[in-house]
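**Student:** Pasting a structure below so you can have a look.
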Amino acid sequence: MQALTNRVKVLEQKPMTLLERMYLPNIAKGMAITFGHMFKKRPTINYPEQKRPFSPVFRGLHILNRDEEGKERCTACGLCAVACPAEAITMEAAERKTDEEHLYREEKYAARYEINMLRCIFCGLCEEACPKDAIYLTETFAPANYTRQSFIYGKPDLLIPDPKTQPDAFAQAQGKLEAHKANMKAKNEQ
Amino acid sequence: MAEETKMFKVTIDNITIDVEPGTTILQAARRIGGEVAPPAMCYYTKLKGSGGKCRTCLVEVSKGSGADPRPMPKLVASCRTTVMDGMEVKNITSERVIDARKGVVEFLLLNHPLDCPVCDQAGECHLQDLGYSHGAEGTRYEFKRRTFSKYDLGPYIQLHMTRCILCYRCVFTADQVTDKRVHGVLDRGDHAEIATHIEKALDNDFIGNVIDVCPVGALTDKTFRFKNRVWFTKPVEAHRDCSKCCGKVTLWQRGDEVLRVTARKDEWGEVNEWICNECRFEKKKTSDWVIEGPTKVSRHSVISQGHYVDTVKPKETIKEVMGGRDPKLLFDIHTVSEVNRPEIDLSEINGPATSDVFNAKALKSTQS
């Protein structure tokens, strides 16, 4: 058979030497390695108490973004769904009515938007495909659960809190609740 | 015996072909096919008088004819220039043409809003294709793009004037396919816009064809508006007995729902046969149509994305292995998912779905 690459190594199977046939020296060698690890730094951590920081490029649970005025950015263009290799994203679009202009940024918006977290592989291609900066992957795990039903994430699960109407929740989602509260207090005192 | 017409020998991108006198360079190039054919935004074979407006089909004539071998000094619009015997044309082999076409794309996109994520034409838009294959990525335009006051063209056709590139195809269609034209291009220059004089609805029986001829998303189907993206729908050839037209159409289906009906198009994106409004807008049930089979879609088109052909569903073996017991269904997606509910027909709504529709849907599904 012709090799596809030149990196193929041919293994030679030689008969064992006397030293190898005795086994004991090799067992001692292996034990030495095992005991040696006792004096090394432990790589494991006690997870729930101790946490490792996420890498800045970590891809976790999705969010649907809003703009500064609290309007939903998603326009249901379907590029995330077509980019999704796991076919986890589905959506249904609707036309914005005149009294809904404060809710949605564009003429068209996603009336329904669902990500099936059972299918999602967290590859981040949806984030890359989005032309409207609407979908982002955050630094959070998808929580585990006993039922499959809870893994269908709809718009209520994905949308971030509105910075205009729910400033507290918005600050909390950003992890800046303390700073936000202090800020508000200072403002009130003025 | 019929007198034999003399054939003209024309060489396009070093490929020689014999064509009848009076053929345009564009038609000769399309006869060769493939990459040699220049793109065309305004020219339409079936519409008399179309062409010569968009300048995307510019080619270089490096040898005028066998008798007069001088090259033409400027690039010519291939849709309006007829071939001469012994003519030599350069399309993709000419640097000048590629560069000029890039400029033309930039001009066409000057005022184009780039709202492709919202636009229903995205995925089958000729300007999108042209932009991807010939344009530059960024824009150098710093000014406000032109906007227009909204015109309502009736219950079937949605006009987005900002997307229009003024190709005049819809005007020619109304002139040549319908018996009375009520819309046209009003005003001049930057202000030129497609409109009816004092708002009128376009209601001629064949006026729906303007949707198919529109190379961009300026004229789109209101009954399909925002229902789904083109590439999530499945094109299927179908026909029905129609008293007004040929009744041969392409259905764009989602599951068993017919979301949109269009005329069949050839490889250049031109309609094969015009269809009437009844077929296009009112027959949105699968039972109205005799289905012939899936439409052939280019493998490189976004429309072929996620459509699996020749899939073989493997035989369910669990029942045999488990001694006749059916596999236990752990989870039916429709018990949780709110998208694509089987009891809801988007195709039955006339216009685009709004929040009313979806709220009503939520009510309906909780009641049942």
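As shown in the structure tokens, the chain order sets the letters A, B, ...; within each chain, residues go from 1, and ligands are also counted from 1 in the order they appear.
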Using only C-alpha atoms, I'd like every residue of chain B that has an atom within 6 Å of chain A; please write them out as a PyMOL selection string.
**Tutor:** chain B and resi 117+226+353-354
**Student:** Within 9 Å of Lys150 (chain B), counting only C-alpha atoms, which residues show up once you throw out same-chain ones fewer than 3 positions away? Write them as a list in words, please.
**Tutor:**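 The filter keeps Leu159, His160 and Met161 of chain B.
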**Student:** With distances taken over only C-alpha atoms, which of A:Thr34, A:Thr165, A:Gln174, A:Asn188 is nearest to Leu103 (chain A)?
**Tutor:** A:Thr165
**Student:** Can you list, as a list in words, every protein, DNA or RNA residue that comes within 6 Å of region 125-129 of chain A when you count only C-alpha atoms, leaving out same-chain residues fewer than 6 positions away?
**Tutor:**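 Counting only the stated atoms, we get Leu79, Cys80, Ile135 and Tyr136 of chain A.
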**Student:** Env of Lys284 (chain B): 8 Å cut, atoms = only C-alpha atoms, seq-sep filter 5 positions within chain, self excluded. Answer as a list of chain:residue names.
**Tutor:**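 Here the qualifying residues turn out to be B:Glu257, B:Val258, B:Leu259, B:Arg260, B:Val261, B:Ser347, B:Glu348.
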**Student:** Using backbone DSSP assignments, extract all strand (DSSP E) residues from region 10-190 of chain A; output them as a list of chain:residue names.
**Tutor:** A:His62, A:Ile63, A:Leu64, A:Ile89, A:Thr90, A:Met91, A:Glu92, A:Ala93, A:Ala94, A:Glu95, A:Lys108, A:Tyr109, A:Ala110, A:Ala111, A:Arg112, A:Tyr113, A:Glu114, A:Ile115, A:Asn116, A:Ile135, A:Tyr136, A:Leu137, A:Ile152, A:Tyr153
**Student:** Which residues come within 9 Å of Val36 (chain B), counting only C-alpha atoms, excluding same-chain residues fewer than 3 positions away, as a list of chain:residue names?
**Tutor:**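 Here the qualifying residues turn out to be B:Ile12, B:Asp13, B:Ile15, B:Ala29, B:Arg30, B:Ile32, B:Gly33, B:Lys90, B:Asn91, B:Ile92.
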**Student:** When you look at region 248-254 of chain B with a cut-off of 6 Å (counting only C-alpha atoms), what residues show up, excluding the ones that are within fewer than 5 positions of it in the same chain? I need them as a list of chain:residue names.
**Tutor:**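 Here the answer would be B:Thr233, B:Lys234, B:Pro235, B:Val236, B:Glu237, B:Ala238, B:His239, B:Leu259, B:Arg260, B:Val261, B:Thr262, B:Ala263, B:Arg264.
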**Student:** So, counting only C-alpha atoms, which residue among B:Lys48, B:Arg163, B:Arg31, B:His134 is closest to Asp18 (chain B)?
**Tutor:**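 Checking each candidate against Asp18 (chain B), we get B:Arg31 as the closest.
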**Student:** Taking into account only C-alpha atoms, which residue in the set B:Arg70, B:Arg280, B:Arg146, B:Arg299 is nearest to Phe206 (chain B)?
**Tutor:**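 Looking only at the distances to Phe206 (chain B), the closest residue turns out to be B:Arg280.
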**Student:** Which is closer to His102 (chain A) than all the others in A:Arg52, A:Glu72, A:Pro163, A:Glu139, using only C-alpha atoms?
**Tutor:**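 Looking at the shortest contact to His102 (chain A), the residue is A:Glu72.
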**Student:** Please give the complete set of residues from region 21-171 of chain A that DSSP, run on the backbone, assigns to helix (DSSP H, G or I), formatted as a ChimeraX atom specification.
**Tutor:** /A:21,24-39,79-83,98-100,125-129,149-151,155-158,167-171
**Student:** Looking at only C-alpha atoms, which of B:Thr82, B:Gln305, B:Ser287, B:Gln158 is the one that sits closest to Ala201 (chain B)?
**Tutor:**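 Looking only at the distances to Ala201 (chain B), the closest residue turns out to be B:Gln158.
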**Student:** Could you please determine the separation between CA of Leu26 (chain B) and CA of Thr173 (chain B) in Å, to one decimal place?
**Tutor:**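 Pair CA of Leu26 (chain B) / CA of Thr173 (chain B) returns 20.4 Å.
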**Student:** Work out how far CA of Cys42 (chain B) is from CA of Cys54 (chain B), in Å to one decimal.
**Tutor:**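 Value for the CA of Cys54 (chain B)-CA of Cys42 (chain B) distance: 5.8 Å.
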**Student:** Go through A:Lys40, A:Lys51, A:His62, A:His180 and flag the residue nearest Cys120 (chain A), using only C-alpha atoms for the distances.
**Tutor:** A:His62
**Student:** Determine, counting only C-alpha atoms, which protein, DNA and RNA residues have an atom within 8 Å of an atom of Arg145 (chain B); residues of the same chain fewer than 6 positions away are not included. Present the result as a CSV table (one decimal) with C-alpha atoms, in the first residue's frame.
**Tutor:**
chain,number,residue,atom,x,y,z
B,110,LEU,CA,-23.3,53.6,-3.8
B,111,ASN,CA,-26.8,54.0,-2.8
B,112,HIS,CA,-27.7,50.4,-2.1
B,113,PRO,CA,-28.6,50.1,1.6
